[in-house]
Amino acid sequence: HVARMDVSELTRRRGLGPAKAATLVAAIELGQRVLRDRLRDGRRLDTPDAAGEFLATRLARERREVFGFLSLDGRHRVIRVHDVTMGTRTQAPVDPAEVFRRALLDDAAALVVFHNHPSGELEPSRDDLGLTRRLVDGGSVLGVTVHDHLIVAGARWLSLRAVRPRLFEAAAGQHD
C-alpha cells in the first residue's frame with residue numbers, strides 16, 4: 001500500500017524518483033493534518049463511515065497494530081484522539097483500565113474504540129470480540145458508552161456495531 005511507504009521505498013518503484021516520492025509522502029502527511037484540523041473544529045464522527053474514513057487515513061502508514069479510541073462529548077463531537085498502545089504486526093495489548101482512565105480525564109460521554117489490522121484482513125478475532133464486550137461492560141459501570149469498535153485495514157474499515165450489535169448491549173451478559 002503506497003500510503004505506508006517512505007521515500008526510500010517509493011524510489012524503488014519504477015518511475016518514481018526522490019523528488020516525486022518526497023512530494024507523494026508530503027501530500028499524504030498534509031491530508032492527515034487537514035483531518036486533524038477538522039477534528040479541532042468539533043467535527044462529529046457519529047457514524048461508522050465518518051469515523052472509519054478519518055481512522056483509515058490516520059492509520060494508513062502503520063505497519064504495527066495500534067489500539068486507541070476517540071473521546072466523544074454528549075453530541076458525539078471528538079474531544080480527543082488517543083493512541084493507547086502500539087503493538088506488533090499482529091496484536092496490540094490493551095488495558096481497559098487505561099482506556100477508561102483517559103476517557104474519564106477527558107470527561108467523555110462516549111467512546112469509539114479502534115484498532116488496525118496491518119495484514120489487511122477485516123475479520124474480527126475472538127480477542128477483538130472479547131475485548132469489545134469487556135469495554136462495553138466497563139463503560140456501562142462508569143457511565144461512558146462504548147459507541148462502536150472499528151477495525152481498520154488499509155483504506156477499508158469494519159464497524160463491529162454494524163455486524164455484531166449484541167456486543168453493545170450494556171451489561172447484557174450475552175456474547176455474540
# chains A, B, ... in the order shown; residues from 1 in each chain; ligands from 1
call {"tool": "closest_atom_pairs", "arguments": {"of": "range 34-93 of chain A", "to": "range 155-161 of chain A", "cutoff": "9 Å", "atoms": "only C-alpha atoms", "output": "Markdown table"}}
result
| residue | atom | partner | partner_atom | distance |
| --- | --- | --- | --- | --- |
| A:Pro48 | CA | A:Ser159 | CA | 6.0 |
| A:Asp49 | CA | A:Trp157 | CA | 8.3 |
| A:Gly52 | CA | A:Trp157 | CA | 5.7 |
| A:Glu53 | CA | A:Ala155 | CA | 7.8 |
| A:Leu55 | CA | A:Trp157 | CA | 8.5 |
| A:Ala56 | CA | A:Ala155 | CA | 5.3 |
| A:Thr57 | CA | A:Ala155 | CA | 7.2 |
| A:Leu59 | CA | A:Ala155 | CA | 9.0 |
| A:Ala60 | CA | A:Ala155 | CA | 7.0 |
call {"tool": "residues_around", "arguments": {"residues": "range 116-125 of chain A", "least_positions_apart": "4", "cutoff": "8 Å", "atoms": "only C-alpha atoms", "output": "list in words"}}
result
Leu59, Glu62, Arg63, Arg64, Glu65, Val66, Phe67, Arg89, Thr90, Leu129, Ile151, Val152, Ala153, Gly154, Arg156, Trp157 and Leu158 of chain A
call {"tool": "write_last_selection", "arguments": {"atoms": "N, CA, C and O atoms", "output": "PDB file, in the first residue's frame"}}
result
ATOM      1  N   LEU A  59      -4.409   5.884  10.028  1.00  0.00           N
ATOM      2  CA  LEU A  59      -3.644   4.662  10.297  1.00  0.00           C
ATOM      3  C   LEU A  59      -3.014   4.048   9.049  1.00  0.00           C
ATOM      4  O   LEU A  59      -2.371   3.007   9.135  1.00  0.00           O
ATOM      5  N   GLU A  62       0.632   2.842   9.192  1.00  0.00           N
ATOM      6  CA  GLU A  62       1.049   1.991  10.309  1.00  0.00           C
ATOM      7  C   GLU A  62       1.319   0.559   9.845  1.00  0.00           C
ATOM      8  O   GLU A  62       0.497  -0.036   9.182  1.00  0.00           O
ATOM      9  N   ARG A  63       2.449   0.039  10.265  1.00  0.00           N
ATOM     10  CA  ARG A  63       2.818  -1.341   9.951  1.00  0.00           C
ATOM     11  C   ARG A  63       2.632  -2.255  11.151  1.00  0.00           C
ATOM     12  O   ARG A  63       2.812  -3.458  11.067  1.00  0.00           O
ATOM     13  N   ARG A  64       2.324  -1.637  12.288  1.00  0.00           N
ATOM     14  CA  ARG A  64       2.058  -2.402  13.506  1.00  0.00           C
ATOM     15  C   ARG A  64       0.644  -2.077  13.972  1.00  0.00           C
ATOM     16  O   ARG A  64       0.097  -1.039  13.626  1.00  0.00           O
ATOM     17  N   GLU A  65       0.084  -2.979  14.776  1.00  0.00           N
ATOM     18  CA  GLU A  65      -1.258  -2.725  15.301  1.00  0.00           C
ATOM     19  C   GLU A  65      -1.225  -1.564  16.275  1.00  0.00           C
ATOM     20  O   GLU A  65      -0.340  -1.466  17.120  1.00  0.00           O
ATOM     21  N   VAL A  66      -2.192  -0.699  16.135  1.00  0.00           N
ATOM     22  CA  VAL A  66      -2.397   0.422  17.042  1.00  0.00           C
ATOM     23  C   VAL A  66      -3.803   0.275  17.600  1.00  0.00           C
ATOM     24  O   VAL A  66      -4.757   0.072  16.850  1.00  0.00           O
ATOM     25  N   PHE A  67      -3.923   0.354  18.922  1.00  0.00           N
ATOM     26  CA  PHE A  67      -5.237   0.368  19.544  1.00  0.00           C
ATOM     27  C   PHE A  67      -5.434   1.733  20.166  1.00  0.00           C
ATOM     28  O   PHE A  67      -4.531   2.270  20.816  1.00  0.00           O
ATOM     29  N   ARG A  89       3.024  -6.595  14.521  1.00  0.00           N
ATOM     30  CA  ARG A  89       2.294  -6.689  13.249  1.00  0.00           C
ATOM     31  C   ARG A  89       0.959  -7.398  13.407  1.00  0.00           C
ATOM     32  O   ARG A  89       0.080  -7.254  12.570  1.00  0.00           O
ATOM     33  N   THR A  90       0.795  -8.165  14.503  1.00  0.00           N
ATOM     34  CA  THR A  90      -0.410  -8.985  14.634  1.00  0.00           C
ATOM     35  C   THR A  90      -1.226  -8.751  15.898  1.00  0.00           C
ATOM     36  O   THR A  90      -2.310  -9.303  16.025  1.00  0.00           O
ATOM     37  N   LEU A 129     -13.487  -9.470  19.751  1.00  0.00           N
ATOM     38  CA  LEU A 129     -14.864  -9.533  20.240  1.00  0.00           C
ATOM     39  C   LEU A 129     -14.914  -9.538  21.766  1.00  0.00           C
ATOM     40  O   LEU A 129     -15.734  -8.842  22.377  1.00  0.00           O
ATOM     41  N   ILE A 151     -12.534  -1.700  13.168  1.00  0.00           N
ATOM     42  CA  ILE A 151     -11.311  -2.366  12.731  1.00  0.00           C
ATOM     43  C   ILE A 151     -10.964  -1.751  11.381  1.00  0.00           C
ATOM     44  O   ILE A 151     -11.805  -1.688  10.479  1.00  0.00           O
ATOM     45  N   VAL A 152      -9.731  -1.283  11.267  1.00  0.00           N
ATOM     46  CA  VAL A 152      -9.272  -0.606  10.056  1.00  0.00           C
ATOM     47  C   VAL A 152      -8.216  -1.470   9.388  1.00  0.00           C
ATOM     48  O   VAL A 152      -7.287  -1.946  10.039  1.00  0.00           O
ATOM     49  N   ALA A 153      -8.380  -1.683   8.091  1.00  0.00           N
ATOM     50  CA  ALA A 153      -7.413  -2.466   7.308  1.00  0.00           C
ATOM     51  C   ALA A 153      -7.183  -1.719   6.004  1.00  0.00           C
ATOM     52  O   ALA A 153      -8.035  -1.752   5.106  1.00  0.00           O
ATOM     53  N   GLY A 154      -6.068  -1.011   5.932  1.00  0.00           N
ATOM     54  CA  GLY A 154      -5.792  -0.203   4.742  1.00  0.00           C
ATOM     55  C   GLY A 154      -6.821   0.903   4.615  1.00  0.00           C
ATOM     56  O   GLY A 154      -7.085   1.646   5.551  1.00  0.00           O
ATOM     57  N   ARG A 156     -10.001   0.354   4.145  1.00  0.00           N
ATOM     58  CA  ARG A 156     -11.307  -0.200   4.495  1.00  0.00           C
ATOM     59  C   ARG A 156     -11.459  -0.249   6.010  1.00  0.00           C
ATOM     60  O   ARG A 156     -10.478  -0.239   6.740  1.00  0.00           O
ATOM     61  N   TRP A 157     -12.706  -0.330   6.459  1.00  0.00           N
ATOM     62  CA  TRP A 157     -12.970  -0.454   7.888  1.00  0.00           C
ATOM     63  C   TRP A 157     -14.220  -1.277   8.091  1.00  0.00           C
ATOM     64  O   TRP A 157     -15.047  -1.432   7.202  1.00  0.00           O
ATOM     65  N   LEU A 158     -14.334  -1.792   9.313  1.00  0.00           N
ATOM     66  CA  LEU A 158     -15.483  -2.600   9.699  1.00  0.00           C
ATOM     67  C   LEU A 158     -15.990  -2.093  11.040  1.00  0.00           C
ATOM     68  O   LEU A 158     -15.214  -1.939  11.984  1.00  0.00           O
TER      69      LEU A 158
END
call {"tool": "closest_residue", "arguments": {"among": "A:Leu142, A:Arg75, A:Pro18, A:Phe114", "to": "Arg58 in chain A", "atoms": "only C-alpha atoms"}}
result
A:Phe114
call {"tool": "residues_around", "arguments": {"residues": "range 96-110 of chain A", "least_positions_apart": "3", "cutoff": "10 Å", "atoms": "only C-alpha atoms", "output": "JSON, numbers by chain"}}
result
{"A": [67, 68, 69, 70, 71, 72, 73, 74, 75, 76, 77, 78, 79, 80, 82, 83, 84, 85, 93, 113, 131, 132, 134, 135, 138, 139, 142, 143, 144, 145, 146, 147, 148]}
call {"tool": "write_last_selection", "arguments": {"atoms": "C-alpha atoms", "output": "mmCIF file, in the first residue's frame"}}
result
data_model
loop_
_atom_site.group_PDB
_atom_site.id
_atom_site.type_symbol
_atom_site.label_atom_id
_atom_site.label_comp_id
_atom_site.auth_asym_id
_atom_site.auth_seq_id
_atom_site.Cartn_x
_atom_site.Cartn_y
_atom_site.Cartn_z
ATOM 1 C CA PHE A 67 -5.237 0.368 19.544
ATOM 2 C CA GLY A 68 -6.901 3.601 20.549
ATOM 3 C CA PHE A 69 -10.127 5.467 20.960
ATOM 4 C CA LEU A 70 -11.923 8.673 20.155
ATOM 5 C CA SER A 71 -13.307 10.507 23.204
ATOM 6 C CA LEU A 72 -16.676 11.984 22.320
ATOM 7 C CA ASP A 73 -18.795 14.589 24.067
ATOM 8 C CA GLY A 74 -22.554 14.253 24.531
ATOM 9 C CA ARG A 75 -23.151 15.343 20.911
ATOM 10 C CA HIS A 76 -20.566 12.888 19.540
ATOM 11 C CA ARG A 77 -18.045 15.587 18.726
ATOM 12 C CA VAL A 78 -14.449 14.492 19.101
ATOM 13 C CA ILE A 79 -12.785 15.693 22.275
ATOM 14 C CA ARG A 80 -9.516 13.891 21.713
ATOM 15 C CA HIS A 82 -5.926 8.579 21.920
ATOM 16 C CA ASP A 83 -3.443 6.008 20.658
ATOM 17 C CA VAL A 84 -3.304 3.794 23.732
ATOM 18 C CA THR A 85 -0.958 1.023 22.611
ATOM 19 C CA PRO A 93 -2.213 -5.441 24.161
ATOM 20 C CA VAL A 113 -12.558 2.360 20.101
ATOM 21 C CA LEU A 131 -12.218 -7.013 24.358
ATOM 22 C CA THR A 132 -15.207 -5.163 22.925
ATOM 23 C CA ARG A 134 -15.275 -6.091 28.336
ATOM 24 C CA LEU A 135 -15.080 -2.444 27.283
ATOM 25 C CA GLY A 138 -16.802 -1.481 31.881
ATOM 26 C CA GLY A 139 -18.154 1.633 30.234
ATOM 27 C CA LEU A 142 -18.597 4.028 34.605
ATOM 28 C CA GLY A 143 -21.270 5.849 32.614
ATOM 29 C CA VAL A 144 -19.208 6.031 29.420
ATOM 30 C CA THR A 145 -20.922 4.490 26.395
ATOM 31 C CA VAL A 146 -18.766 2.472 24.020
ATOM 32 C CA HIS A 147 -20.466 3.547 20.811
ATOM 33 C CA ASP A 148 -18.527 1.331 18.380
#
call {"tool": "closest_residue", "arguments": {"among": "A:Leu45, A:Ala162, A:Leu167, A:Ala50", "to": "Asp137 in chain A", "atoms": "only C-alpha atoms"}}
result
A:Leu167
